[in-house]
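Encoded as structure tokens, the structure appears first; notes follow it.
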Amino acid sequence: MKALRVVALGYLGALLLAPVGLVFYRTFEHGLGAVWDSITTPAAISAFWLTVEVAFIAVVLNTVFGVIAALTLARGQFRGKWLLDALIDLPFAVSPVVIGLALVLVYGRDGWIELPFQVIFSLPGIVLATIFVSLPFVVREVTPVLREIGDEQEQAAATLGASSWQTFWRITLPAIRWGVTYGVVLSTARAIGEFGAVSVVSGKVAGETMTLTLLVEQRFTNYDLAGAYAASALLAVIAFATLLVMTRVRPR
Amino acid sequence: MIVLIPLAAVVVKATEASFWHVVTSPRALAALELSVGASLVVAAVNVVAGTLIAWVLVRDEFPGRGAVNALVDLPFALPTIVAGLTLLALYKDVAYTRWAILLALLFVTLPFVVRSVQPVLIELDPEMEEAAASLGATSAQSFRRIVLPNLWPAIVSGAALAFARAVGEFGSVVLISGNIPRKTEVASVFIFGQIESDAVASAAAVSVVLLAISLVVLVAIRRLAS
Amino acid sequence: MIDVQSVGKRFGDFVALEDVSLEVPDGSLVALLGPSGSGKSTLLRIVAGLEQPDFGSVVIGGEDVTPVPPQKRGIGFVFQHYAAFKHMTVRDNVAFGLSIRREKKTVIRERVNELLEIVGLTGWADRYPAQLSGGQRQRMALARALAVQPRVLLLDEPFGALDANVRQELREWLRRLHDEVHVTTVLVTHDQEEAMAIADRIVVLDGGRVQQSGPPRELYEKPANPFVMKFLGPVSSLGDRLVRPHDLLLSNDAGDGLEAMVTRVVYLGFEVRVELELASDGAVSVQLTRAEADELELRAGDIVYVRAPVLSA
């Protein structure tokens, strides 16, 4: 067993810890001050807030959609339920670049849907891409919880005179809150970290359509390695914080 | 809806280009082969590594086990571009080679088999292994003939998810692999390149192939699962 | 055959076994009897090698097996919840030990068929455990354990997970099997009726210690302490003495008995239980045969005299 443990931990160390550790080391090599400067440039700050804004919108929408979809999947009976189920899993199967392409084809210049405001190369496009990739998480976490707890409590509430909304708000929602929270955490992590789809869909205009992940890439390709590391370290810190929250909130 | 319409658009656009011509162009083929090949290798490695890690996390006890368990989810939490950068920082020597691609894909697919196997391993009746021991089986024999057959469905399903994830991976690969056409250019990078050069139809064509591959694999697991 | 010498075992602060010694004669069927937490399962698992003792040793067939792993002790083990290999057929389950030993396929096939016949599962060879009833799974587990011709058979509450009537059937069947096959057998149970019905010797455990060991009759009639007495059968207390309800004597004449009033007469079919309220306070129940009860013509409210039998030396 000891040997197995060593191999397993060694693998994890070499693949996960060592690289991330090195980046942190490199980042802070030149001192805290340099790092702070790097992540407080106007470009960095606006990238940060853009990322937060986009993630926020996407996660809120996905949470609402997710809870509704979970209720439909767990409680509903209708033909084509399997289709909804499969569709929700679709974002897992599609390459982020293809997602970006799809959005361009639909909402782009000669796309299928003409909207009065610009979607591609602009904020709405980024939001759409982020919604797409982080779609499944809340649904996937809430559906099993709903199935597990059954609808007896909801039936009891109905017999006691509660309306659908009251039942949902006071019985269902509290019961699923940990599933929802965990789904939100996963969804947020995915939204913040999205790169491929956003790469295609964004114009990478600093200050307007440059997210944190895009900033990392840009700095790297401009040979600003230290800058890329700094932004990466910021994202890594967010990632570790997410991991921490995930461990605390995990339903099982 | 957000999901279906855009994807349908891709499929339609794909038919605009001379589909087969694009898809079988040497560069496109090489990219697809590389993506599929690398993903298969990575899925296979994960079958072994993932099962091993799950085993150690469930059966072994050591200080910090909880932290290690949480760490396994890091690839889910860390942006892919950052993952690529961190791997590049440490493993500079493999940059711009195919090994870099394998490395990046191993990183992003790490949690799949582990998380798939863990719950099954936890639920496994330890008395079966005790019975095997009482009947003369060594630990290795017991693992091979009792534990593994019961873990196999979970391992396969985890590996399939890992494959589907790897075949479309972009962010972690794009920095570290150098994207040399026909050598280290994976399918997703090829598609990206086509989009940038405005060869949208061609991008769509290869996308459809990639999509088809992923879907086939995922549908297959669903069938196996039920 | 089995010689357990001063075995002790702790789990953290909990003392599971303390200075336990016992002997299991060759070819006998011994029951380890006790309530939950008495340490009987732990003891069995130590004999099997599935647990290691903190103190003491285990000798099987003259060989000190304390450092030997379960694979090499020559034991067969049957679990309460069957531990069936659920991904293998019944045949493959029973054949497992033999295939580990790399016996020839023909030899294995023959032996498995033989065993399936002995346990009455001949037509079920190609089914999976999930398709079997609890009783059938346990019989399969037994066949599997016997396949490797163990020198010792260890059963951990083998009938605990089964319905009451299946339990009864299977326990009789196990005794008959033992009479035919004569493997040294140790059975763990918390059911005193089961132990009394099939064991040659019973070892009673409580709180990790051996309370008494001996043939069933000896334990029942000459219990070493109140615990053993209460565990093995019904008990009535008269004054400061513990007596079996059917050993108490009732009479309508005073004599040297204690005065009591009949509160209830319960017909149990073959026996009659008479519940009494002692004049000196306290309740006692006496068990009589129907004939004895009829002779006394008891009714609620009657005054009678109850006395314990004279203690033999």
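In the structure tokens, the first chain shown is A, the next is B, and so on; residue numbers restart at 1 for each chain, and ligands run from 1 in the order shown.
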Starting from chain A, keep only residues with some atom at most 8 Å from an atom of chain B, counting only C-alpha atoms, and report them as a compact mmCIF listing (two decimals) with all heavy atoms, in the first residue's frame.
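Below you can see result-v1.txt, which holds the result:
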```txt
# COMPACT_ATOMS: atom_id res chain seq x y z
N MET A 1 0.83 -1.21 0.00
CA MET A 1 0.00 0.00 0.00
C MET A 1 0.86 1.27 0.00
O MET A 1 0.55 2.23 -0.66
CB MET A 1 -0.93 -0.04 1.22
CG MET A 1 -1.89 1.11 1.29
SD MET A 1 -2.90 1.34 -0.17
CE MET A 1 -4.30 0.29 0.18
N LEU A 4 1.98 2.08 -3.44
CA LEU A 4 0.91 2.66 -4.23
C LEU A 4 0.72 4.12 -3.87
O LEU A 4 0.53 4.98 -4.73
CB LEU A 4 -0.40 1.90 -4.01
CG LEU A 4 -0.43 0.45 -4.49
CD1 LEU A 4 -1.76 -0.18 -4.11
CD2 LEU A 4 -0.22 0.37 -5.98
N ARG A 5 0.77 4.37 -2.57
CA ARG A 5 0.54 5.72 -2.09
C ARG A 5 1.60 6.66 -2.67
O ARG A 5 1.30 7.75 -3.14
CB ARG A 5 0.62 5.74 -0.57
CG ARG A 5 0.29 7.07 0.05
CD ARG A 5 0.80 7.20 1.45
NE ARG A 5 0.36 6.10 2.30
CZ ARG A 5 0.69 5.99 3.59
NH1 ARG A 5 1.44 6.90 4.15
NH2 ARG A 5 0.29 4.97 4.31
N ALA A 8 0.96 7.28 -6.37
CA ALA A 8 -0.21 8.14 -6.58
C ALA A 8 0.10 9.59 -6.21
O ALA A 8 -0.17 10.51 -6.98
CB ALA A 8 -1.40 7.64 -5.75
N LEU A 9 0.71 9.76 -5.03
CA LEU A 9 1.01 11.12 -4.60
C LEU A 9 2.07 11.75 -5.50
O LEU A 9 2.02 12.94 -5.80
CB LEU A 9 1.49 11.12 -3.14
CG LEU A 9 0.41 10.75 -2.12
CD1 LEU A 9 0.97 10.78 -0.71
CD2 LEU A 9 -0.78 11.68 -2.24
N TYR A 11 2.52 11.13 -8.68
CA TYR A 11 1.84 11.52 -9.93
C TYR A 11 1.11 12.84 -9.75
O TYR A 11 1.24 13.76 -10.56
CB TYR A 11 0.86 10.41 -10.33
CG TYR A 11 0.16 10.61 -11.64
CD1 TYR A 11 0.77 10.26 -12.84
CD2 TYR A 11 -1.13 11.13 -11.69
CE1 TYR A 11 0.12 10.42 -14.05
CE2 TYR A 11 -1.79 11.29 -12.90
CZ TYR A 11 -1.16 10.93 -14.08
OH TYR A 11 -1.82 11.09 -15.27
N LEU A 12 0.35 12.94 -8.66
CA LEU A 12 -0.40 14.16 -8.41
C LEU A 12 0.53 15.35 -8.20
O LEU A 12 0.29 16.45 -8.66
CB LEU A 12 -1.30 13.99 -7.19
CG LEU A 12 -2.51 13.09 -7.38
CD1 LEU A 12 -3.23 12.87 -6.06
CD2 LEU A 12 -3.46 13.69 -8.40
N LEU A 15 2.10 16.38 -11.56
CA LEU A 15 1.17 16.91 -12.55
C LEU A 15 0.48 18.18 -12.08
O LEU A 15 0.26 19.10 -12.86
CB LEU A 15 0.13 15.84 -12.89
CG LEU A 15 -0.70 16.05 -14.14
CD1 LEU A 15 0.19 16.14 -15.36
CD2 LEU A 15 -1.68 14.90 -14.32
N LEU A 16 0.12 18.21 -10.80
CA LEU A 16 -0.68 19.32 -10.32
C LEU A 16 0.12 20.32 -9.49
O LEU A 16 0.20 21.50 -9.78
CB LEU A 16 -1.84 18.81 -9.45
CG LEU A 16 -2.89 17.93 -10.11
CD1 LEU A 16 -3.99 17.64 -9.10
CD2 LEU A 16 -3.48 18.58 -11.33
N ALA A 18 3.45 20.62 -8.48
CA ALA A 18 4.73 21.21 -8.85
C ALA A 18 4.57 22.36 -9.85
O ALA A 18 5.12 23.44 -9.63
CB ALA A 18 5.66 20.12 -9.39
N PRO A 19 3.82 22.14 -10.91
CA PRO A 19 3.68 23.25 -11.86
C PRO A 19 3.05 24.49 -11.22
O PRO A 19 3.55 25.60 -11.39
CB PRO A 19 2.77 22.69 -12.95
CG PRO A 19 2.86 21.22 -12.83
CD PRO A 19 3.12 20.94 -11.39
N VAL A 20 1.97 24.27 -10.49
CA VAL A 20 1.29 25.42 -9.89
C VAL A 20 2.20 26.10 -8.87
O VAL A 20 2.30 27.32 -8.80
CB VAL A 20 -0.04 24.99 -9.24
CG1 VAL A 20 -0.68 26.17 -8.55
CG2 VAL A 20 -0.97 24.42 -10.28
N LEU A 22 5.39 26.16 -8.87
CA LEU A 22 6.44 26.89 -9.56
C LEU A 22 5.93 28.25 -10.03
O LEU A 22 6.63 29.27 -9.91
CB LEU A 22 6.94 26.09 -10.76
CG LEU A 22 8.13 26.73 -11.48
CD1 LEU A 22 9.32 26.81 -10.55
CD2 LEU A 22 8.48 25.94 -12.72
N VAL A 23 4.74 28.29 -10.54
CA VAL A 23 4.19 29.56 -11.02
C VAL A 23 4.08 30.56 -9.87
O VAL A 23 4.42 31.73 -10.03
CB VAL A 23 2.82 29.34 -11.69
CG1 VAL A 23 2.10 30.67 -11.88
CG2 VAL A 23 3.02 28.65 -13.01
N LEU A 87 -29.44 17.11 -23.97
CA LEU A 87 -29.06 18.46 -24.38
C LEU A 87 -28.27 19.17 -23.29
O LEU A 87 -27.33 19.90 -23.57
CB LEU A 87 -30.31 19.29 -24.70
CG LEU A 87 -30.92 19.06 -26.07
CD1 LEU A 87 -32.14 19.96 -26.24
CD2 LEU A 87 -29.91 19.39 -27.15
N LEU A 90 -24.75 18.42 -23.33
CA LEU A 90 -24.04 18.75 -24.57
C LEU A 90 -22.81 19.62 -24.36
O LEU A 90 -21.76 19.33 -24.92
CB LEU A 90 -25.02 19.41 -25.54
CG LEU A 90 -24.76 19.15 -27.02
CD1 LEU A 90 -24.58 17.66 -27.29
CD2 LEU A 90 -25.96 19.66 -27.83
N PHE A 92 -20.66 19.60 -22.31
CA PHE A 92 -19.50 18.80 -21.92
C PHE A 92 -18.84 18.15 -23.12
O PHE A 92 -17.67 17.82 -23.10
CB PHE A 92 -19.92 17.70 -20.95
CG PHE A 92 -20.22 18.19 -19.57
CD1 PHE A 92 -21.21 17.59 -18.81
CD2 PHE A 92 -19.50 19.23 -19.02
CE1 PHE A 92 -21.48 18.04 -17.53
CE2 PHE A 92 -19.77 19.69 -17.74
CZ PHE A 92 -20.77 19.09 -17.00
N ALA A 93 -19.63 17.91 -24.15
CA ALA A 93 -19.11 17.15 -25.28
C ALA A 93 -18.50 18.04 -26.35
O ALA A 93 -17.79 17.56 -27.22
CB ALA A 93 -20.24 16.34 -25.91
N VAL A 94 -18.79 19.33 -26.30
CA VAL A 94 -18.38 20.19 -27.40
C VAL A 94 -17.12 20.96 -27.05
O VAL A 94 -16.98 21.49 -25.96
CB VAL A 94 -19.52 21.20 -27.73
CG1 VAL A 94 -19.17 21.99 -28.95
CG2 VAL A 94 -20.82 20.47 -27.89
N SER A 95 -16.22 21.02 -28.00
CA SER A 95 -14.99 21.78 -27.79
C SER A 95 -15.33 23.27 -27.66
O SER A 95 -16.17 23.77 -28.39
CB SER A 95 -14.06 21.57 -28.97
OG SER A 95 -12.96 22.44 -28.88
N PRO A 96 -14.67 23.98 -26.76
CA PRO A 96 -14.97 25.40 -26.55
C PRO A 96 -14.86 26.20 -27.85
O PRO A 96 -15.62 27.14 -28.06
CB PRO A 96 -13.92 25.86 -25.55
CG PRO A 96 -13.39 24.64 -24.92
CD PRO A 96 -13.62 23.50 -25.83
N VAL A 97 -13.91 25.84 -28.67
CA VAL A 97 -13.73 26.57 -29.92
C VAL A 97 -14.94 26.40 -30.83
O VAL A 97 -15.40 27.34 -31.48
CB VAL A 97 -12.46 26.05 -30.64
CG1 VAL A 97 -12.30 26.72 -31.97
CG2 VAL A 97 -11.25 26.30 -29.78
N VAL A 98 -15.47 25.20 -30.83
CA VAL A 98 -16.66 24.94 -31.65
C VAL A 98 -17.85 25.73 -31.12
O VAL A 98 -18.67 26.24 -31.89
CB VAL A 98 -16.98 23.42 -31.65
CG1 VAL A 98 -18.30 23.15 -32.34
CG2 VAL A 98 -15.85 22.67 -32.32
N ILE A 99 -17.92 25.86 -29.80
CA ILE A 99 -18.99 26.66 -29.20
C ILE A 99 -18.89 28.09 -29.69
O ILE A 99 -19.88 28.72 -30.08
CB ILE A 99 -18.90 26.61 -27.67
CG1 ILE A 99 -19.21 25.19 -27.19
CG2 ILE A 99 -19.86 27.61 -27.04
CD1 ILE A 99 -19.01 24.99 -25.71
N LEU A 101 -17.46 29.16 -32.42
CA LEU A 101 -17.81 29.16 -33.84
C LEU A 101 -19.32 29.17 -34.02
O LEU A 101 -19.87 29.93 -34.81
CB LEU A 101 -17.20 27.93 -34.51
CG LEU A 101 -17.59 27.70 -35.97
CD1 LEU A 101 -17.05 28.83 -36.83
CD2 LEU A 101 -17.06 26.37 -36.46
N ALA A 102 -19.99 28.31 -33.26
CA ALA A 102 -21.44 28.21 -33.37
C ALA A 102 -22.11 29.55 -33.09
O ALA A 102 -23.02 29.98 -33.80
CB ALA A 102 -21.95 27.14 -32.42
N LEU A 103 -21.62 30.20 -32.05
CA LEU A 103 -22.22 31.49 -31.70
C LEU A 103 -21.98 32.53 -32.79
O LEU A 103 -22.85 33.34 -33.11
CB LEU A 103 -21.67 31.97 -30.36
CG LEU A 103 -22.16 31.17 -29.16
CD1 LEU A 103 -21.42 31.57 -27.89
CD2 LEU A 103 -23.66 31.36 -28.97
N LEU A 105 -21.61 31.97 -35.92
CA LEU A 105 -22.46 31.65 -37.07
C LEU A 105 -23.88 32.12 -36.87
O LEU A 105 -24.56 32.52 -37.82
CB LEU A 105 -22.45 30.14 -37.33
CG LEU A 105 -21.16 29.58 -37.92
CD1 LEU A 105 -21.25 28.07 -38.02
CD2 LEU A 105 -20.92 30.19 -39.30
N VAL A 106 -24.33 32.07 -35.64
CA VAL A 106 -25.72 32.44 -35.39
C VAL A 106 -25.89 33.94 -35.18
O VAL A 106 -26.78 34.57 -35.74
CB VAL A 106 -26.27 31.69 -34.17
CG1 VAL A 106 -27.64 32.20 -33.79
CG2 VAL A 106 -26.33 30.20 -34.46
N TRP A 112 -27.52 33.87 -38.45
CA TRP A 112 -28.92 33.51 -38.56
C TRP A 112 -29.83 34.52 -37.87
O TRP A 112 -30.95 34.78 -38.31
CB TRP A 112 -29.15 32.15 -37.92
CG TRP A 112 -28.63 31.02 -38.73
CD1 TRP A 112 -27.78 31.09 -39.79
CD2 TRP A 112 -28.93 29.66 -38.55
NE1 TRP A 112 -27.54 29.84 -40.28
CE2 TRP A 112 -28.22 28.94 -39.54
CE3 TRP A 112 -29.74 28.96 -37.65
CZ2 TRP A 112 -28.30 27.55 -39.62
CZ3 TRP A 112 -29.80 27.59 -37.74
CH2 TRP A 112 -29.09 26.91 -38.74
N PHE A 132 -23.21 29.19 -22.10
CA PHE A 132 -23.20 27.87 -22.74
C PHE A 132 -22.30 26.89 -21.99
O PHE A 132 -22.71 25.77 -21.69
CB PHE A 132 -22.71 28.04 -24.18
CG PHE A 132 -22.99 26.87 -25.06
CD1 PHE A 132 -23.90 26.97 -26.09
CD2 PHE A 132 -22.34 25.64 -24.88
CE1 PHE A 132 -24.16 25.89 -26.93
CE2 PHE A 132 -22.60 24.57 -25.71
CZ PHE A 132 -23.51 24.69 -26.73
N LEU A 186 -19.38 25.39 -8.81
CA LEU A 186 -18.79 24.76 -9.99
C LEU A 186 -19.00 25.62 -11.22
O LEU A 186 -18.10 25.80 -12.04
CB LEU A 186 -19.43 23.39 -10.24
CG LEU A 186 -19.12 22.28 -9.23
CD1 LEU A 186 -19.88 21.02 -9.61
CD2 LEU A 186 -17.64 22.00 -9.17
N ALA A 189 -16.73 28.69 -11.19
CA ALA A 189 -15.35 28.34 -11.51
C ALA A 189 -15.18 28.17 -13.02
O ALA A 189 -14.23 28.65 -13.62
CB ALA A 189 -14.94 27.07 -10.80
N ARG A 190 -16.14 27.49 -13.60
CA ARG A 190 -16.09 27.25 -15.04
C ARG A 190 -16.22 28.55 -15.81
O ARG A 190 -15.52 28.78 -16.79
CB ARG A 190 -17.23 26.30 -15.42
CG ARG A 190 -17.23 25.88 -16.86
CD ARG A 190 -16.07 24.93 -17.13
NE ARG A 190 -16.09 24.51 -18.52
CZ ARG A 190 -15.56 25.21 -19.51
NH1 ARG A 190 -14.97 26.35 -19.26
NH2 ARG A 190 -15.62 24.77 -20.74
N ILE A 192 -15.50 31.65 -14.83
CA ILE A 192 -14.32 32.50 -14.70
C ILE A 192 -13.18 31.96 -15.57
O ILE A 192 -12.40 32.71 -16.15
CB ILE A 192 -13.86 32.56 -13.23
CG1 ILE A 192 -14.89 33.33 -12.41
CG2 ILE A 192 -12.50 33.21 -13.11
CD1 ILE A 192 -14.55 33.38 -10.93
N GLY A 193 -13.11 30.63 -15.65
CA GLY A 193 -11.97 30.02 -16.31
C GLY A 193 -12.12 29.84 -17.80
O GLY A 193 -11.21 29.37 -18.46
N GLU A 194 -13.28 30.18 -18.35
CA GLU A 194 -13.50 29.92 -19.76
C GLU A 194 -12.52 30.68 -20.64
O GLU A 194 -12.27 31.86 -20.43
CB GLU A 194 -14.93 30.27 -20.15
CG GLU A 194 -15.24 30.13 -21.62
CD GLU A 194 -14.75 28.82 -22.24
OE1 GLU A 194 -14.78 27.79 -21.55
OE2 GLU A 194 -14.32 28.83 -23.40
N PHE A 195 -11.99 29.98 -21.62
CA PHE A 195 -11.00 30.58 -22.51
C PHE A 195 -11.32 30.36 -23.98
O PHE A 195 -11.44 31.31 -24.74
CB PHE A 195 -9.62 30.02 -22.18
CG PHE A 195 -8.54 30.51 -23.08
CD1 PHE A 195 -8.09 31.82 -22.98
CD2 PHE A 195 -7.98 29.69 -24.06
CE1 PHE A 195 -7.10 32.29 -23.83
CE2 PHE A 195 -7.00 30.16 -24.91
CZ PHE A 195 -6.55 31.46 -24.80
N GLY A 196 -11.48 29.12 -24.39
CA GLY A 196 -11.60 28.78 -25.80
C GLY A 196 -12.75 29.47 -26.51
O GLY A 196 -12.59 30.12 -27.55
N VAL A 200 -12.75 32.93 -29.33
CA VAL A 200 -13.32 33.06 -30.66
C VAL A 200 -14.26 34.25 -30.74
O VAL A 200 -14.26 35.01 -31.70
CB VAL A 200 -14.11 31.78 -31.03
CG1 VAL A 200 -14.88 31.99 -32.32
CG2 VAL A 200 -13.16 30.61 -31.15
N THR A 213 -8.73 35.60 -18.46
CA THR A 213 -8.05 34.50 -19.13
C THR A 213 -7.44 34.97 -20.45
O THR A 213 -6.33 34.58 -20.80
CB THR A 213 -9.01 33.32 -19.41
OG1 THR A 213 -10.18 33.82 -20.05
CG2 THR A 213 -9.38 32.62 -18.13
N VAL A 216 -4.22 36.78 -19.77
CA VAL A 216 -3.08 35.89 -19.56
C VAL A 216 -2.44 35.54 -20.89
O VAL A 216 -1.23 35.62 -21.07
CB VAL A 216 -3.50 34.60 -18.82
CG1 VAL A 216 -2.36 33.60 -18.80
CG2 VAL A 216 -3.95 34.91 -17.41
N GLU A 217 -3.30 35.17 -21.82
CA GLU A 217 -2.77 34.77 -23.14
C GLU A 217 -2.08 35.93 -23.81
O GLU A 217 -0.98 35.80 -24.36
CB GLU A 217 -3.92 34.26 -24.01
CG GLU A 217 -3.41 33.63 -25.29
CD GLU A 217 -4.39 33.77 -26.43
OE1 GLU A 217 -5.35 34.58 -26.30
OE2 GLU A 217 -4.21 33.08 -27.44
N TYR A 229 2.33 35.46 -15.63
CA TYR A 229 2.35 34.68 -14.39
C TYR A 229 1.52 35.34 -13.32
O TYR A 229 0.82 34.70 -12.55
CB TYR A 229 3.79 34.54 -13.87
CG TYR A 229 4.60 33.49 -14.58
CD1 TYR A 229 5.99 33.52 -14.54
CD2 TYR A 229 4.00 32.46 -15.27
CE1 TYR A 229 6.75 32.57 -15.18
CE2 TYR A 229 4.75 31.50 -15.93
CZ TYR A 229 6.13 31.57 -15.88
OH TYR A 229 6.88 30.63 -16.52
N SER A 232 -2.00 34.81 -13.95
CA SER A 232 -2.27 33.40 -13.70
C SER A 232 -2.37 33.12 -12.23
O SER A 232 -3.22 32.35 -11.77
CB SER A 232 -1.17 32.52 -14.29
OG SER A 232 -1.15 32.62 -15.68
N LEU A 235 -5.64 34.08 -10.94
CA LEU A 235 -6.66 33.09 -11.28
C LEU A 235 -6.49 31.81 -10.47
O LEU A 235 -7.46 31.18 -10.06
CB LEU A 235 -6.59 32.77 -12.78
CG LEU A 235 -7.22 33.83 -13.68
CD1 LEU A 235 -6.82 33.62 -15.13
CD2 LEU A 235 -8.74 33.80 -13.54
N ALA A 236 -5.23 31.47 -10.22
CA ALA A 236 -4.98 30.25 -9.45
C ALA A 236 -5.48 30.41 -8.01
O ALA A 236 -6.04 29.48 -7.43
CB ALA A 236 -3.50 29.89 -9.46
N ALA A 239 -8.97 29.93 -8.04
CA ALA A 239 -9.26 28.50 -8.20
C ALA A 239 -9.14 27.75 -6.88
O ALA A 239 -9.99 26.93 -6.53
CB ALA A 239 -8.34 27.88 -9.24
N PHE A 240 -8.06 28.02 -6.13
CA PHE A 240 -7.90 27.33 -4.85
C PHE A 240 -9.00 27.70 -3.88
O PHE A 240 -9.48 26.88 -3.11
CB PHE A 240 -6.53 27.65 -4.25
CG PHE A 240 -5.44 26.79 -4.80
CD1 PHE A 240 -4.47 27.32 -5.63
CD2 PHE A 240 -5.39 25.43 -4.52
CE1 PHE A 240 -3.47 26.52 -6.15
CE2 PHE A 240 -4.39 24.63 -5.04
CZ PHE A 240 -3.42 25.18 -5.87
N THR A 242 -11.95 28.48 -4.71
CA THR A 242 -13.10 27.71 -5.18
C THR A 242 -13.04 26.28 -4.66
O THR A 242 -14.04 25.73 -4.18
CB THR A 242 -13.14 27.65 -6.72
OG1 THR A 242 -12.96 28.95 -7.23
CG2 THR A 242 -14.44 27.06 -7.20
N LEU A 243 -11.84 25.67 -4.75
CA LEU A 243 -11.67 24.30 -4.26
C LEU A 243 -12.05 24.20 -2.79
O LEU A 243 -12.72 23.27 -2.35
CB LEU A 243 -10.21 23.87 -4.38
CG LEU A 243 -9.78 23.15 -5.64
CD1 LEU A 243 -8.37 22.65 -5.48
CD2 LEU A 243 -10.71 21.99 -5.93
N LEU A 244 -11.62 25.18 -2.03
CA LEU A 244 -11.90 25.20 -0.60
C LEU A 244 -13.40 25.24 -0.36
O LEU A 244 -13.94 24.45 0.42
CB LEU A 244 -11.25 26.44 0.02
CG LEU A 244 -10.92 26.31 1.49
CD1 LEU A 244 -9.80 25.31 1.66
CD2 LEU A 244 -10.51 27.66 2.05
N THR A 247 -15.08 21.96 -1.25
CA THR A 247 -14.94 20.89 -0.26
C THR A 247 -15.90 21.10 0.89
O THR A 247 -16.49 20.15 1.41
CB THR A 247 -13.51 20.85 0.30
OG1 THR A 247 -12.63 21.35 -0.68
CG2 THR A 247 -13.12 19.44 0.66
```
Legend entry - chain B residues near chain C (8 Å cut-off, only C-alpha atoms) as a PyMOL selection string: chain B and resi 125+127-128+130-138+146+149-150
Kindly save the residues from that selection, with N, CA, C and O atoms included, as a compact mmCIF listing (two decimals), in the first residue's frame.
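And here is the file that came out, part.txt:
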```
# COMPACT_ATOMS: atom_id res chain seq x y z
N ASP B 125 -18.34 -3.91 -1.03
CA ASP B 125 -18.40 -4.69 0.19
C ASP B 125 -17.02 -5.27 0.52
O ASP B 125 -16.53 -6.15 -0.19
N GLU B 127 -16.24 -7.32 2.62
CA GLU B 127 -16.28 -8.74 2.96
C GLU B 127 -15.98 -9.63 1.76
O GLU B 127 -15.50 -10.73 1.92
N MET B 128 -16.25 -9.13 0.55
CA MET B 128 -15.95 -9.93 -0.63
C MET B 128 -14.44 -10.19 -0.69
O MET B 128 -14.00 -11.30 -1.01
N GLU B 130 -12.40 -10.08 1.87
CA GLU B 130 -12.04 -10.95 2.99
C GLU B 130 -12.34 -12.39 2.65
O GLU B 130 -11.58 -13.30 2.97
N ALA B 131 -13.49 -12.59 1.98
CA ALA B 131 -13.84 -13.96 1.58
C ALA B 131 -12.78 -14.50 0.63
O ALA B 131 -12.35 -15.64 0.74
N ALA B 132 -12.37 -13.65 -0.32
CA ALA B 132 -11.35 -14.09 -1.26
C ALA B 132 -10.06 -14.46 -0.53
O ALA B 132 -9.42 -15.47 -0.85
N ALA B 133 -9.69 -13.65 0.47
CA ALA B 133 -8.49 -13.94 1.24
C ALA B 133 -8.63 -15.28 1.97
O ALA B 133 -7.72 -16.11 1.97
N SER B 134 -9.80 -15.50 2.58
CA SER B 134 -9.99 -16.75 3.32
C SER B 134 -9.93 -17.94 2.37
O SER B 134 -9.62 -19.05 2.80
N LEU B 135 -10.20 -17.70 1.09
CA LEU B 135 -10.14 -18.81 0.13
C LEU B 135 -8.78 -18.95 -0.51
O LEU B 135 -8.58 -19.76 -1.41
N GLY B 136 -7.82 -18.13 -0.05
CA GLY B 136 -6.46 -18.31 -0.53
C GLY B 136 -5.95 -17.28 -1.52
O GLY B 136 -4.83 -17.38 -1.97
N ALA B 137 -6.76 -16.30 -1.87
CA ALA B 137 -6.31 -15.33 -2.87
C ALA B 137 -5.35 -14.31 -2.25
O ALA B 137 -5.60 -13.79 -1.18
N THR B 138 -4.26 -14.00 -2.97
CA THR B 138 -3.37 -12.93 -2.51
C THR B 138 -4.04 -11.60 -2.79
O THR B 138 -5.04 -11.54 -3.50
N ILE B 146 -11.71 -9.82 -8.07
CA ILE B 146 -12.90 -9.42 -7.32
C ILE B 146 -13.16 -7.92 -7.44
O ILE B 146 -14.25 -7.49 -7.80
N PRO B 149 -13.29 -6.29 -11.58
CA PRO B 149 -14.53 -6.50 -12.34
C PRO B 149 -15.67 -5.63 -11.84
O PRO B 149 -16.53 -5.22 -12.62
N ASN B 150 -15.68 -5.34 -10.54
CA ASN B 150 -16.76 -4.52 -10.02
C ASN B 150 -16.53 -3.04 -10.28
O ASN B 150 -17.46 -2.24 -10.24
```
Legend entry - Surrounding residues of Ala125 (chain C) excluding itself and chain neighbours under 3 positions, 8 Å, only C-alpha atoms, as a PyMOL selection string: chain C and resi 89-91+116+121-122
How would the residues just picked look written out with N, CA and C atoms as a compact mmCIF listing (two decimals), in the first residue's frame?
```txt
# COMPACT_ATOMS: atom_id res chain seq x y z
N THR C 89 -20.92 -16.24 -11.45
CA THR C 89 -22.02 -17.18 -11.27
C THR C 89 -21.80 -18.00 -10.01
N VAL C 90 -22.84 -18.73 -9.63
CA VAL C 90 -22.76 -19.60 -8.45
C VAL C 90 -21.60 -20.58 -8.62
N ARG C 91 -21.53 -21.16 -9.80
CA ARG C 91 -20.46 -22.12 -10.08
C ARG C 91 -19.08 -21.49 -9.88
N LEU C 116 -22.28 -28.62 -4.99
CA LEU C 116 -23.60 -28.06 -5.28
C LEU C 116 -24.68 -29.06 -4.93
N LEU C 121 -27.95 -27.06 -4.51
CA LEU C 121 -28.08 -25.96 -5.46
C LEU C 121 -27.74 -26.41 -6.88
N THR C 122 -27.93 -27.68 -7.16
CA THR C 122 -27.48 -28.22 -8.44
C THR C 122 -28.01 -27.47 -9.65
```
